[in-house]
Amino acid sequence: MAPAYDNNNVFAKILRGEIPCHKVYEDDVALAFMDIMPRIDGHVLVIPKFPARTILDADPEGLGELIQRVQKVARATKDALGAEGITIQQFNERAGGQVIFHLHFHILPRWEGIELRPPASAMEKPDVLEAHRAKIAAALEKS
């Protein structure tokens with residue numbers, strides 16, 4: 001049996017406004033924001049507003065709504081940053097690579113010849129995050 005959802009995880013705190021973020025997109029289902037330790041320029045996280053520890057315990061109907069937002073943000077990220085491709089990552093449980101136990105998707109814009117940085121390797125400067133956020137948010141407004 002999986003551990004219970006922890007309402008004090010960092011993403012729950014972001015959802016409650018207790019921790020700031022560089023918000024890209026928000027609606028009644030999801031919040032998308034810039035990863036502060038990006039693996040590549042333009043790295044976005046998409047999280048549900050409903051409590052779910054992993055994809056395995058998420059409500060299937062809510063998950064269906066969430067994946068539509070993941071797709072929408074992924075398209076906008078690719079377009080806004082002129083990416084050649086997109087990698088979408090989603091990890092479950094510690095053994096599966098999950099670090100924060102609130103369901104989330106990583107959207108990573110990709111370009112030929114540019115490797116991903118190691119996970120949690122360096123904090124990005126706020127002005128760099130804001131520049132990427134603004135481009136992606138503008139692309140979302142057009143969609």
# chains A, B, ... in the order shown; residues from 1 in each chain; ligands from 1

call {"tool": "select_by_dssp", "arguments": {"residues": "segment 4-143 of chain A", "states": "helix (DSSP H, G or I)", "output": "PyMOL selection string"}}
result
chain A and resi 10-15+60-81+94-96+126-142

call {"tool": "closest_atom_pairs", "arguments": {"of": "segment 68-130 of chain A", "to": "segment 1-20 of chain A", "cutoff": "7 Å", "atoms": "only C-alpha atoms", "output": "Markdown table"}}
result
| residue | atom | partner | partner_atom | distance |
| --- | --- | --- | --- | --- |
| A:Ile100 | CA | A:Asn9 | CA | 6.9 |
| A:Phe101 | CA | A:Asn9 | CA | 6.8 |
| A:His102 | CA | A:Phe11 | CA | 6.5 |

call {"tool": "write_last_selection", "arguments": {"atoms": "C-alpha atoms", "output": "PDB file, in the first residue's frame"}}
result
ATOM      1  CA  ILE A 100       8.227  15.385  -4.838  1.00  0.00           C
ATOM      2  CA  PHE A 101       5.208  13.274  -3.963  1.00  0.00           C
ATOM      3  CA  HIS A 102       2.512  15.243  -5.762  1.00  0.00           C
TER       4      HIS A 102
END

call {"tool": "residues_around", "arguments": {"residues": "segment 132-143 of chain A", "least_positions_apart": "4", "cutoff": "7 Å", "atoms": "only C-alpha atoms", "output": "list in words"}}
result
His22, Val24, Tyr25, Met34, Gly42, Ala76, Thr77, Ala80 and Val128 of chain A

call {"tool": "residues_around", "arguments": {"residues": "Val99 of chain A", "least_positions_apart": "6", "cutoff": "12 Å", "atoms": "only C-alpha atoms", "output": "PDB file with N, CA, C and O atoms, in the first residue's frame"}}
result
ATOM      1  N   ASN A   9       3.587  18.849   1.005  1.00  0.00           N
ATOM      2  CA  ASN A   9       4.644  18.766  -0.012  1.00  0.00           C
ATOM      3  C   ASN A   9       4.777  20.133  -0.697  1.00  0.00           C
ATOM      4  O   ASN A   9       3.873  20.967  -0.656  1.00  0.00           O
ATOM      5  N   VAL A  10       5.913  20.366  -1.320  1.00  0.00           N
ATOM      6  CA  VAL A  10       6.211  21.685  -1.880  1.00  0.00           C
ATOM      7  C   VAL A  10       5.201  22.106  -2.947  1.00  0.00           C
ATOM      8  O   VAL A  10       4.833  23.280  -3.036  1.00  0.00           O
ATOM      9  N   PHE A  11       4.691  21.169  -3.745  1.00  0.00           N
ATOM     10  CA  PHE A  11       3.723  21.544  -4.775  1.00  0.00           C
ATOM     11  C   PHE A  11       2.371  21.909  -4.164  1.00  0.00           C
ATOM     12  O   PHE A  11       1.700  22.814  -4.657  1.00  0.00           O
ATOM     13  N   ARG A  53      -0.750  11.592  -5.142  1.00  0.00           N
ATOM     14  CA  ARG A  53       0.661  11.355  -4.863  1.00  0.00           C
ATOM     15  C   ARG A  53       1.395  10.913  -6.129  1.00  0.00           C
ATOM     16  O   ARG A  53       2.491  11.368  -6.410  1.00  0.00           O
ATOM     17  N   THR A  54       0.768  10.013  -6.893  1.00  0.00           N
ATOM     18  CA  THR A  54       1.363   9.481  -8.122  1.00  0.00           C
ATOM     19  C   THR A  54       0.271   9.303  -9.171  1.00  0.00           C
ATOM     20  O   THR A  54      -0.916   9.433  -8.875  1.00  0.00           O
ATOM     21  N   GLN A  90       7.442  11.704 -16.368  1.00  0.00           N
ATOM     22  CA  GLN A  90       6.540  11.574 -15.233  1.00  0.00           C
ATOM     23  C   GLN A  90       7.038  10.381 -14.419  1.00  0.00           C
ATOM     24  O   GLN A  90       7.177   9.289 -14.948  1.00  0.00           O
ATOM     25  N   PHE A  91       7.370  10.614 -13.161  1.00  0.00           N
ATOM     26  CA  PHE A  91       7.977   9.605 -12.300  1.00  0.00           C
ATOM     27  C   PHE A  91       7.035   9.225 -11.160  1.00  0.00           C
ATOM     28  O   PHE A  91       6.297  10.063 -10.662  1.00  0.00           O
ATOM     29  N   ASN A  92       7.103   7.967 -10.718  1.00  0.00           N
ATOM     30  CA  ASN A  92       6.228   7.480  -9.655  1.00  0.00           C
ATOM     31  C   ASN A  92       7.007   6.697  -8.616  1.00  0.00           C
ATOM     32  O   ASN A  92       7.655   5.708  -8.953  1.00  0.00           O
ATOM     33  N   GLU A  93       6.899   7.158  -7.381  1.00  0.00           N
ATOM     34  CA  GLU A  93       7.568   6.568  -6.214  1.00  0.00           C
ATOM     35  C   GLU A  93       9.090   6.749  -6.306  1.00  0.00           C
ATOM     36  O   GLU A  93       9.645   6.992  -7.366  1.00  0.00           O
ATOM     37  N   PRO A 119      19.519  16.271 -12.984  1.00  0.00           N
ATOM     38  CA  PRO A 119      18.413  16.738 -12.145  1.00  0.00           C
ATOM     39  C   PRO A 119      18.906  17.522 -10.933  1.00  0.00           C
ATOM     40  O   PRO A 119      19.945  17.194 -10.354  1.00  0.00           O
ATOM     41  N   ALA A 120      18.163  18.565 -10.588  1.00  0.00           N
ATOM     42  CA  ALA A 120      18.442  19.386  -9.396  1.00  0.00           C
ATOM     43  C   ALA A 120      19.904  19.823  -9.316  1.00  0.00           C
ATOM     44  O   ALA A 120      20.498  19.841  -8.258  1.00  0.00           O
TER      45      ALA A 120
END

call {"tool": "closest_residue", "arguments": {"among": "A:Ala83, A:Ile36, A:Ala58, A:Cys21", "to": "Gly113 of chain A", "atoms": "only C-alpha atoms"}}
result
A:Ala83

call {"tool": "residues_around", "arguments": {"residues": "Leu108 of chain A", "least_positions_apart": "6", "cutoff": "6 Å", "atoms": "only C-alpha atoms", "output": "PyMOL selection string"}}
result
chain A and resi 43+86-87

call {"tool": "select_by_dssp", "arguments": {"residues": "chain A", "states": "strand (DSSP E)", "output": "list in words"}}
result
Lys23, Val24, Tyr25, Glu26, Ala30, Leu31, Ala32, Phe33, Met34, Val44, Leu45, Val46, Ile47, Pro48, Gly85, Ile86, Thr87, Ile88, Gln89, Phe105, His106, Ile107, Leu108, Pro109 and Arg110 of chain A

call {"tool": "write_last_selection", "arguments": {"atoms": "N, CA and C atoms", "output": "mmCIF file, in the first residue's frame"}}
result
data_model
loop_
_atom_site.group_PDB
_atom_site.id
_atom_site.type_symbol
_atom_site.label_atom_id
_atom_site.label_comp_id
_atom_site.auth_asym_id
_atom_site.auth_seq_id
_atom_site.Cartn_x
_atom_site.Cartn_y
_atom_site.Cartn_z
ATOM 1 N N LYS A 23 4.462 31.323 -12.756
ATOM 2 C CA LYS A 23 3.280 30.673 -13.325
ATOM 3 C C LYS A 23 3.191 30.887 -14.831
ATOM 4 N N VAL A 24 3.032 29.772 -15.537
ATOM 5 C CA VAL A 24 2.870 29.769 -16.987
ATOM 6 C C VAL A 24 1.391 29.692 -17.354
ATOM 7 N N TYR A 25 0.652 28.859 -16.619
ATOM 8 C CA TYR A 25 -0.746 28.584 -16.952
ATOM 9 C C TYR A 25 -1.469 28.125 -15.695
ATOM 10 N N GLU A 26 -2.760 28.494 -15.595
ATOM 11 C CA GLU A 26 -3.570 27.999 -14.485
ATOM 12 C C GLU A 26 -5.033 27.987 -14.899
ATOM 13 N N ALA A 30 -5.419 22.484 -13.373
ATOM 14 C CA ALA A 30 -3.955 22.382 -13.315
ATOM 15 C C ALA A 30 -3.270 23.721 -13.123
ATOM 16 N N LEU A 31 -2.023 23.624 -12.699
ATOM 17 C CA LEU A 31 -1.117 24.759 -12.608
ATOM 18 C C LEU A 31 0.165 24.342 -13.313
ATOM 19 N N ALA A 32 0.670 25.217 -14.176
ATOM 20 C CA ALA A 32 1.947 24.982 -14.851
ATOM 21 C C ALA A 32 2.885 26.123 -14.487
ATOM 22 N N PHE A 33 4.125 25.784 -14.170
ATOM 23 C CA PHE A 33 5.099 26.787 -13.752
ATOM 24 C C PHE A 33 6.506 26.336 -14.115
ATOM 25 N N MET A 34 7.419 27.285 -14.125
ATOM 26 C CA MET A 34 8.798 27.003 -14.491
ATOM 27 C C MET A 34 9.491 26.233 -13.366
ATOM 28 N N VAL A 44 9.249 23.154 -17.866
ATOM 29 C CA VAL A 44 7.983 23.500 -17.206
ATOM 30 C C VAL A 44 7.463 22.285 -16.448
ATOM 31 N N LEU A 45 6.829 22.534 -15.318
ATOM 32 C CA LEU A 45 6.142 21.498 -14.546
ATOM 33 C C LEU A 45 4.643 21.732 -14.631
ATOM 34 N N VAL A 46 3.879 20.663 -14.786
ATOM 35 C CA VAL A 46 2.420 20.745 -14.785
ATOM 36 C C VAL A 46 1.921 19.845 -13.661
ATOM 37 N N ILE A 47 1.142 20.440 -12.749
ATOM 38 C CA ILE A 47 0.627 19.688 -11.602
ATOM 39 C C ILE A 47 -0.889 19.808 -11.537
ATOM 40 N N PRO A 48 -1.549 18.777 -11.030
ATOM 41 C CA PRO A 48 -2.999 18.878 -10.850
ATOM 42 C C PRO A 48 -3.332 19.682 -9.596
ATOM 43 N N GLY A 85 11.721 19.453 -30.550
ATOM 44 C CA GLY A 85 10.984 18.331 -29.994
ATOM 45 C C GLY A 85 10.637 18.611 -28.548
ATOM 46 N N ILE A 86 9.943 17.682 -27.946
ATOM 47 C CA ILE A 86 9.526 17.800 -26.541
ATOM 48 C C ILE A 86 9.734 16.441 -25.874
ATOM 49 N N THR A 87 10.280 16.463 -24.677
ATOM 50 C CA THR A 87 10.320 15.277 -23.834
ATOM 51 C C THR A 87 9.364 15.535 -22.675
ATOM 52 N N ILE A 88 8.499 14.558 -22.412
ATOM 53 C CA ILE A 88 7.595 14.657 -21.266
ATOM 54 C C ILE A 88 7.958 13.524 -20.324
ATOM 55 N N GLN A 89 8.277 13.874 -19.074
ATOM 56 C CA GLN A 89 8.655 12.877 -18.076
ATOM 57 C C GLN A 89 7.654 12.895 -16.931
ATOM 58 N N PHE A 105 4.107 16.419 -14.126
ATOM 59 C CA PHE A 105 4.704 16.127 -15.423
ATOM 60 C C PHE A 105 5.774 17.172 -15.708
ATOM 61 N N HIS A 106 6.902 16.715 -16.226
ATOM 62 C CA HIS A 106 7.981 17.594 -16.671
ATOM 63 C C HIS A 106 7.840 17.770 -18.174
ATOM 64 N N ILE A 107 7.831 19.002 -18.634
ATOM 65 C CA ILE A 107 7.843 19.304 -20.067
ATOM 66 C C ILE A 107 9.199 19.917 -20.373
ATOM 67 N N LEU A 108 9.946 19.230 -21.233
ATOM 68 C CA LEU A 108 11.317 19.618 -21.541
ATOM 69 C C LEU A 108 11.458 19.891 -23.040
ATOM 70 N N PRO A 109 11.583 21.170 -23.420
ATOM 71 C CA PRO A 109 11.812 21.451 -24.837
ATOM 72 C C PRO A 109 13.184 20.897 -25.240
ATOM 73 N N ARG A 110 13.282 20.382 -26.464
ATOM 74 C CA ARG A 110 14.532 19.730 -26.877
ATOM 75 C C ARG A 110 15.004 20.247 -28.233
#
